[in-house]
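Enquirer: First the structure, then my questions, so here it is.
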Amino acid sequence: MAQVKFENVDKVFDNGVKAVSNMSLEVRDGEFLVLVGPSGCGKTTALRMVAGLEAISSGTVSIGDTVVNNLSSKDRDIAMVFQNYALYPHLSVADNIAFGLRLRKEPKEKINKQVEWAATMLDLVPYLNRRPKELSGGQRQRVAMGRAIVREPKVFLMDEPLSNLDAKLRVQMRAEIANLQKQLGTTTIYVTHDQVEAMTMGDRVAVMSMGVLQQVAEPQVLYDAPANIFVAGFIGTPPMNMFEATVEKDGDYLALTLAGARFPLAKDRDWRYPRLSQYAGRKIVVGIRAEDVHAAEAKPGWPSVVGRLGLMEALGSSQMGYLNIDATKVAVATQPKAPDDTTTNAKPAKGAPAPRPEDLHTEAASSFVTNLVAIFPPRLPLKLNTDVRITIDTANIHFFDADSGEALR
Amino acid sequence: MSDPTQRRGDDWWRHLILWVAIALAVFPPLYVITAAFNADQTLSGTSLLPRSFTLENFKGLFVQKEGGAEVFFVRWFRASVIIAVLNAFFTVFIGALSAYAFSRFRFRGRRMGMLFLLLIQMFPGLLNLVAIYLIVLRTGEVVPALGLNKLTALLLVYLSGAMSINLWLMKGFFDSIPSELDESARVDGATPAQIFWGVILPLAVPVLSVVGMFAFVGTLNEFMTASVLLETVDNFTLPLGLQAYISTNFEENWGSFAAGVLIAQIPAIIGFIFVQKYIIAGLTQGSVKG
Ligand SMILES: Nc1ncnc2c1ncn2[C@@H]1O[C@H](COP(=O)(O)OP(=O)(O)O)[C@@H](O)[C@H]1O
Ligand SMILES: [Mg+2]
């Protein structure tokens with residue numbers, strides 16, 4: 001029974017690096033909270049402050065009703081799983097799991113019982129006498145988990161526990177860890193840079209960037225209503241398309257102008273983005289998910305824009321089209337590189353003008369410069385390096401302040 | 001590509017160098033071995049191929065002479081082994097404790113301390129000898145047990161001798177033990193002392209063995225410092241005592257000397273056999289995946 005509470009927590013390292021700024025967050029009792037953000041954003045530092053491995057520069061961290069700022073790790077009743085497992089190489093699996101219990105001088109029968117319980121839970125019974133070096137990556141990972149659960153602590157802290165596993169094992173362990181946590185009902189803070197992991201595992205997800213907490217919400221809320229440009233660009237694969245655009249009053253309605261076309265916005269736009277009407281006539285940032293982009297012929301009568309198709313990826317159930325439309329892309333500064341995103345290195349930086357279509361004819365390489373990703377239905381006949389007419393479903397698009405990056409809600 | 005006969009032609013001089021090196025390495029021990037089993041006590045009478053075979057030289061080492069209370073050879077041998085074991089133990093123990101602190105704790109003067117220790121080590125040991133003699137002389141006036149002609153004083157001097165280089169060695173090894181292991185133990189509830197004994201030391205066995213072994217063998221063979229600090233035959237260590245066999249006191253007893261040298265090697269050989277199995281690479285393998 002313990003919630004974990006950050007209140008205005010700062011962390012400044014001796015070298016002056018401010019790794020965490022003014023972080024306030026409450027992890028509820030029994031909750032699986034995922035802390036996600038690009039590499040170097042301060043996730044590990046935040047977690048280590050809860051663990052007592054890093055001093056808190058200012059603010060308070062509490063576990064349950066106790067402020068733990070000045071408690072040593074061992075008095076916080078937490079268990080931590082490290083990115084590289086940190087198993088003791090000289091001890092057997094059983095001794096690794098029992099290590100914490102032995103230090104706490106638990107009676108022998110209790111230790112044996114607990115180790116057996118943990119090993120059964122994690123399918124480690126056949127390996128109890130092996131050394132860590134005789135185990136596979138997934139098994140080592142499970143031993144690290146076993147070492148954490150055996151003590152039945154108030155809080156689990158996990159720092160990218162799956163990042164050393166291969167993709168397939170990662171998916172499997174993802175489900176196993178989430179299940180285990182549900183069974184035990186132990187409050188858990190799970191750190192990862194992988195937004196897919198965050199979305200699939202977390203009861204709630206806290207998104208961090210450059211030491212600052214951006215948004216804390218259930219996964220679907222993050223996807224449907226990102227609080228700012230950063231969250232919009234970070235959550236979701238492929239990343240949300242974002243462009244500079246303008247909105248204008250059109251009688252009773254608002255209309256979005258993008259790449260020369262005018263998209264009328266339904267009136268309930270005012271409900272989802274109430275501040276949008278105040279921005280009429282001003283520059284804003286519009287965010288469009290790849291699945292909200294359609295081929296124009298599929299939506300007769302909708303306004304459309306032209307994009308040059310630079311790259312196609314057929315995924316079987318769908319195809320991803322990378323297009324270049326006549327609009328200025330807004331890239332999130334710390335946007336992580338998606339592993340399958342071949343265009344990442346060709347994306348223009350924030351503020352850089354999109355190359356004009358004429359340039360694409362003259363330079364072969366620049367035909368890969370694209371600024372919009374769309375998910376098209378399979379078997380739609382599309383030809384590379386041709387102009388494709390597309391349209392946008394405006395029901396789910398997002399609007400942000402061009403300067404602050406905040407959602408216009 | 002290359003012609004094999006050509007290669008062999010290129011190679012002959014390397015073999016020559018190899019054989020010369022082997023001969024140079026093997027000759028002295030062989031010579032001592034022959035001398036040890038040779039009945040002729042003089043140096044000039046000894047040749048590589050013994051003309052006679054005897055165990056008298058060995059027996060002689062253990063026979064009471066000159067009405068002494070104890071056989072000197074046994075006494076020296078015991079003194080050397082005890083002092084070598086103690087030196088190895090304390091070198092490893094004190095060194096490991098300080099190396100742990102230097103590796104894991106962040107305190108003021110940590111970097112300067114390490115540098116300073118390195119500087120000290122660069123000062124040639126021989127130059128220290130005069131100072132050491134005076135220090136021990138003066139200390140002995142206050143604490144007789146640590147004065148001249150005392151093995152305890154010699155042990156202290158030995159302990160100080162190679163400490164900084166050993167500290168560097170051990171700190172380097174400790175640094176290579178991932179700090180996540182300590183942190184994990186800390187979260188599990190371990191105190192720094194428990195981390196040291198339960199995590200760091202077991203993983204550092206290879207470097208501890210190497211350091212301990214060198215301290216042990218180095219002490220067994222040490223002559224210079226011992227000859228400055230020890231004065232009477234009954235307090236000698238083995239190298240000093242063996243030297244006495246061939247000095248005039250013992251009438252240039254080369255046979256006994258050679259036999260004594262052979263026996264003196266036994267502890268070192270046992271030590272190496274004992275430590276060898278610990279000097280295995282990759283003990284930390286499997287702790288973390290990186
Ligand atoms: N011990 C440290 N001393 C100084 N700076 C550090 C230290 N640990 C981390 N940092 C810095 O703090 C920032 C956040 O690091 P970290 O919390 O490890 O990020 P993440 O886990 O999100 O990848 C980085 O800029 C990193 O360089
Ligand atoms: Mg990290």
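Following the order of the structure tokens, chains are lettered A, B, ..., residues in each are numbered from 1, and ligands are numbered from 1.
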Mind the document's chain letters and residue numbers, and return as a VMD selection string the residues of stretch 29-216 of chain A that DSSP labels helix (DSSP H, G or I).
Expert: chain A and resid 43 to 51 73 to 75 93 to 103 108 to 121 125 to 127 132 to 134 137 to 149 167 to 184 195 to 201
Enquirer: Which residues are close to A:Val20, i.e. within 12 Å by only C-alpha atoms, leaving aside same-chain residues fewer than 6 positions away? Reply as a PyMOL selection string.
Expert: chain A and resi 6-13+40-49+54-59+208-214
Enquirer: Would you kindly return, as a ChimeraX atom specification, each protein, DNA or RNA residue with an atom no farther than 7 Å from any atom of A:Leu103, considering only C-alpha atoms and excluding same-chain residues fewer than 3 positions away?
Expert: /A:99-100 /B:189-190
Enquirer: Can you tell me which residues surround stretch 64-70 of chain A at a distance of at most 8 Å, considering only C-alpha atoms, apart from same-chain residues fewer than 5 positions away, and format the answer as a CSV table (one decimal) with N, CA and C atoms, in the first residue's frame?
Expert:
```
chain,number,residue,atom,x,y,z
A,1,MET,N,0.9,-1.2,0.0
A,1,MET,CA,0.0,0.0,0.0
A,1,MET,C,0.9,1.2,0.0
A,2,ALA,N,1.1,1.7,-1.2
A,2,ALA,CA,2.0,3.0,-1.2
A,2,ALA,C,1.8,3.7,-2.5
A,3,GLN,N,1.6,5.0,-2.3
A,3,GLN,CA,1.7,5.8,-3.5
A,3,GLN,C,3.0,6.5,-3.5
A,4,VAL,N,3.5,6.9,-4.6
A,4,VAL,CA,4.8,7.7,-4.7
A,4,VAL,C,4.5,9.1,-5.2
A,50,VAL,N,13.9,8.3,-6.5
A,50,VAL,CA,13.0,7.5,-5.7
A,50,VAL,C,13.7,6.4,-5.0
A,52,GLY,N,16.7,6.4,-4.0
A,52,GLY,CA,17.7,6.8,-3.0
A,52,GLY,C,19.1,6.7,-3.5
A,55,ALA,N,20.8,12.0,-4.8
A,55,ALA,CA,20.2,13.0,-3.9
A,55,ALA,C,19.2,13.9,-4.6
A,56,ILE,N,18.2,14.4,-3.8
A,56,ILE,CA,17.2,15.3,-4.4
A,56,ILE,C,17.7,16.7,-4.1
A,76,ARG,N,13.8,2.4,2.4
A,76,ARG,CA,12.6,2.9,1.6
A,76,ARG,C,11.7,1.8,1.2
```
Enquirer: Please list as number ranges by chain every residue within 8 Å of B:Leu220, counting only C-alpha atoms and excluding residues in the same chain fewer than 6 positions away.
Expert: B: 80-81, 84, 238-239, 268
Enquirer: With all heavy atoms retained, export the selected residues as a compact mmCIF listing (two decimals), in the first residue's frame.
Expert:
```txt
# COMPACT_ATOMS: atom_id res chain seq x y z
N SER B 80 60.70 -16.17 7.25
CA SER B 80 60.39 -15.68 5.90
C SER B 80 58.96 -15.98 5.51
O SER B 80 58.25 -15.12 4.99
CB SER B 80 61.35 -16.30 4.88
OG SER B 80 62.43 -15.43 4.67
N VAL B 81 58.54 -17.22 5.76
CA VAL B 81 57.19 -17.61 5.35
C VAL B 81 56.15 -16.81 6.13
O VAL B 81 55.20 -16.27 5.56
CB VAL B 81 56.97 -19.13 5.51
CG1 VAL B 81 55.50 -19.48 5.31
CG2 VAL B 81 57.83 -19.88 4.50
N ALA B 84 56.12 -13.28 4.94
CA ALA B 84 55.58 -13.18 3.58
C ALA B 84 54.06 -13.35 3.60
O ALA B 84 53.33 -12.62 2.93
CB ALA B 84 56.22 -14.24 2.68
N LEU B 238 65.20 -15.74 5.25
CA LEU B 238 65.87 -16.76 4.47
C LEU B 238 66.92 -16.22 3.49
O LEU B 238 68.04 -16.73 3.44
CB LEU B 238 64.83 -17.62 3.75
CG LEU B 238 65.28 -19.00 3.30
CD1 LEU B 238 66.02 -19.74 4.40
CD2 LEU B 238 64.11 -19.82 2.82
N PRO B 239 66.59 -15.17 2.71
CA PRO B 239 67.62 -14.68 1.78
C PRO B 239 68.88 -14.22 2.51
O PRO B 239 69.99 -14.50 2.07
CB PRO B 239 66.93 -13.49 1.09
CG PRO B 239 65.49 -13.76 1.22
CD PRO B 239 65.30 -14.47 2.53
N ALA B 268 57.03 -20.41 -2.81
CA ALA B 268 56.61 -19.62 -3.96
C ALA B 268 55.88 -20.50 -4.97
O ALA B 268 54.85 -20.11 -5.53
CB ALA B 268 57.81 -18.95 -4.60
```
Enquirer: Please, which residues in stretch 135-208 of chain A fall within 12 Å of stretch 232-246 of chain A when counting only C-alpha atoms, and what is the closest atom pair and distance in Å to one decimal for each, ordered by chain then residue number, as a tab-separated table?
Expert:
```
residue	atom	partner	partner_atom	distance
A:His193	CA	A:Phe234	CA	10.0
A:Asp194	CA	A:Ile235	CA	9.4
A:Gln195	CA	A:Ile235	CA	6.0
A:Val196	CA	A:Gly236	CA	7.6
A:Glu197	CA	A:Ile235	CA	10.7
A:Ala198	CA	A:Ile235	CA	9.1
A:Met199	CA	A:Ile235	CA	8.2
A:Thr200	CA	A:Gly236	CA	11.4
A:Val205	CA	A:Ile235	CA	10.3
A:Ala206	CA	A:Ile235	CA	11.1
A:Val207	CA	A:Phe234	CA	8.6
A:Met208	CA	A:Phe234	CA	9.9
```
Enquirer: If we count only C-alpha atoms, what is near stretch 133-135 of chain B at a cut-off of 8 Å, once residues fewer than 3 positions away on the same chain are taken out, given as a list in words?
Expert: Leu129, Val130, Arg138, Thr139, Leu148, Val228 and Leu229 of chain B
Enquirer: Just write the chosen residues, N, CA and C atoms, as a CSV table (one decimal), in the first residue's frame.
Expert:
```csv
chain,number,residue,atom,x,y,z
B,129,LEU,N,66.1,3.9,1.5
B,129,LEU,CA,66.6,3.0,2.5
B,129,LEU,C,67.3,3.7,3.7
B,130,VAL,N,68.0,4.8,3.4
B,130,VAL,CA,68.6,5.5,4.5
B,130,VAL,C,67.6,6.0,5.4
B,138,ARG,N,65.0,5.2,15.2
B,138,ARG,CA,64.3,6.1,16.2
B,138,ARG,C,63.1,5.5,16.8
B,139,THR,N,62.3,4.9,15.9
B,139,THR,CA,61.0,4.2,16.4
B,139,THR,C,61.4,3.2,17.5
B,148,LEU,N,65.2,-1.7,15.2
B,148,LEU,CA,66.1,-2.5,14.3
B,148,LEU,C,66.2,-3.9,14.8
B,228,VAL,N,69.5,-4.3,5.7
B,228,VAL,CA,69.8,-3.1,6.4
B,228,VAL,C,69.2,-3.1,7.8
B,229,LEU,N,68.0,-3.7,7.9
B,229,LEU,CA,67.3,-3.7,9.2
B,229,LEU,C,67.6,-4.8,10.2
```
Enquirer: Can you pull out every residue within 9 Å of B:Glu56, counting only C-alpha atoms, but drop anything in the same chain fewer than 2 positions away, and send it as a PyMOL selection string?
Expert: chain B and resi 36-39+54+58-61+255-256
Enquirer: Should the cut-off be 9 Å, what would the residue list for chain A against chain B look like, counting only C-alpha atoms, as a PyMOL selection string?
Expert: chain A and resi 51-53+72-90+99-101+103-104+131-135+137+140+147-148+151+164
Enquirer: With distances taken over only C-alpha atoms and all ligand atoms, which of A:Pro153, A:Pro107, A:Pro303, A:Pro161 is nearest to ligand 2?
Expert: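 Checking each candidate against ligand 2, we get A:Pro161 as the closest.
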Enquirer: Mind pulling up the distance from atom CA of A:Ser163 to atom CA of A:Glu291?
Expert: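 Those two atoms sit 28.4 Å apart.
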Enquirer: Of the residues A:Met158, A:Ala314, A:Leu256, A:Ala167, which is the one nearest to ligand 2, using only C-alpha atoms and all ligand atoms?
Expert: A:Met158
Enquirer: Work out how far apart atom CA of A:Leu323 and atom CA of A:Leu311 are and give it in Å to one decimal.
Expert: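 Here the two named atoms are 7.2 Å from each other.
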Enquirer: Kindly indicate which residue among A:Phe263, A:Asp292, A:Glu297, A:Val285 lies nearest to A:Glu406, using only C-alpha atoms for the distances.
Expert: A:Val285
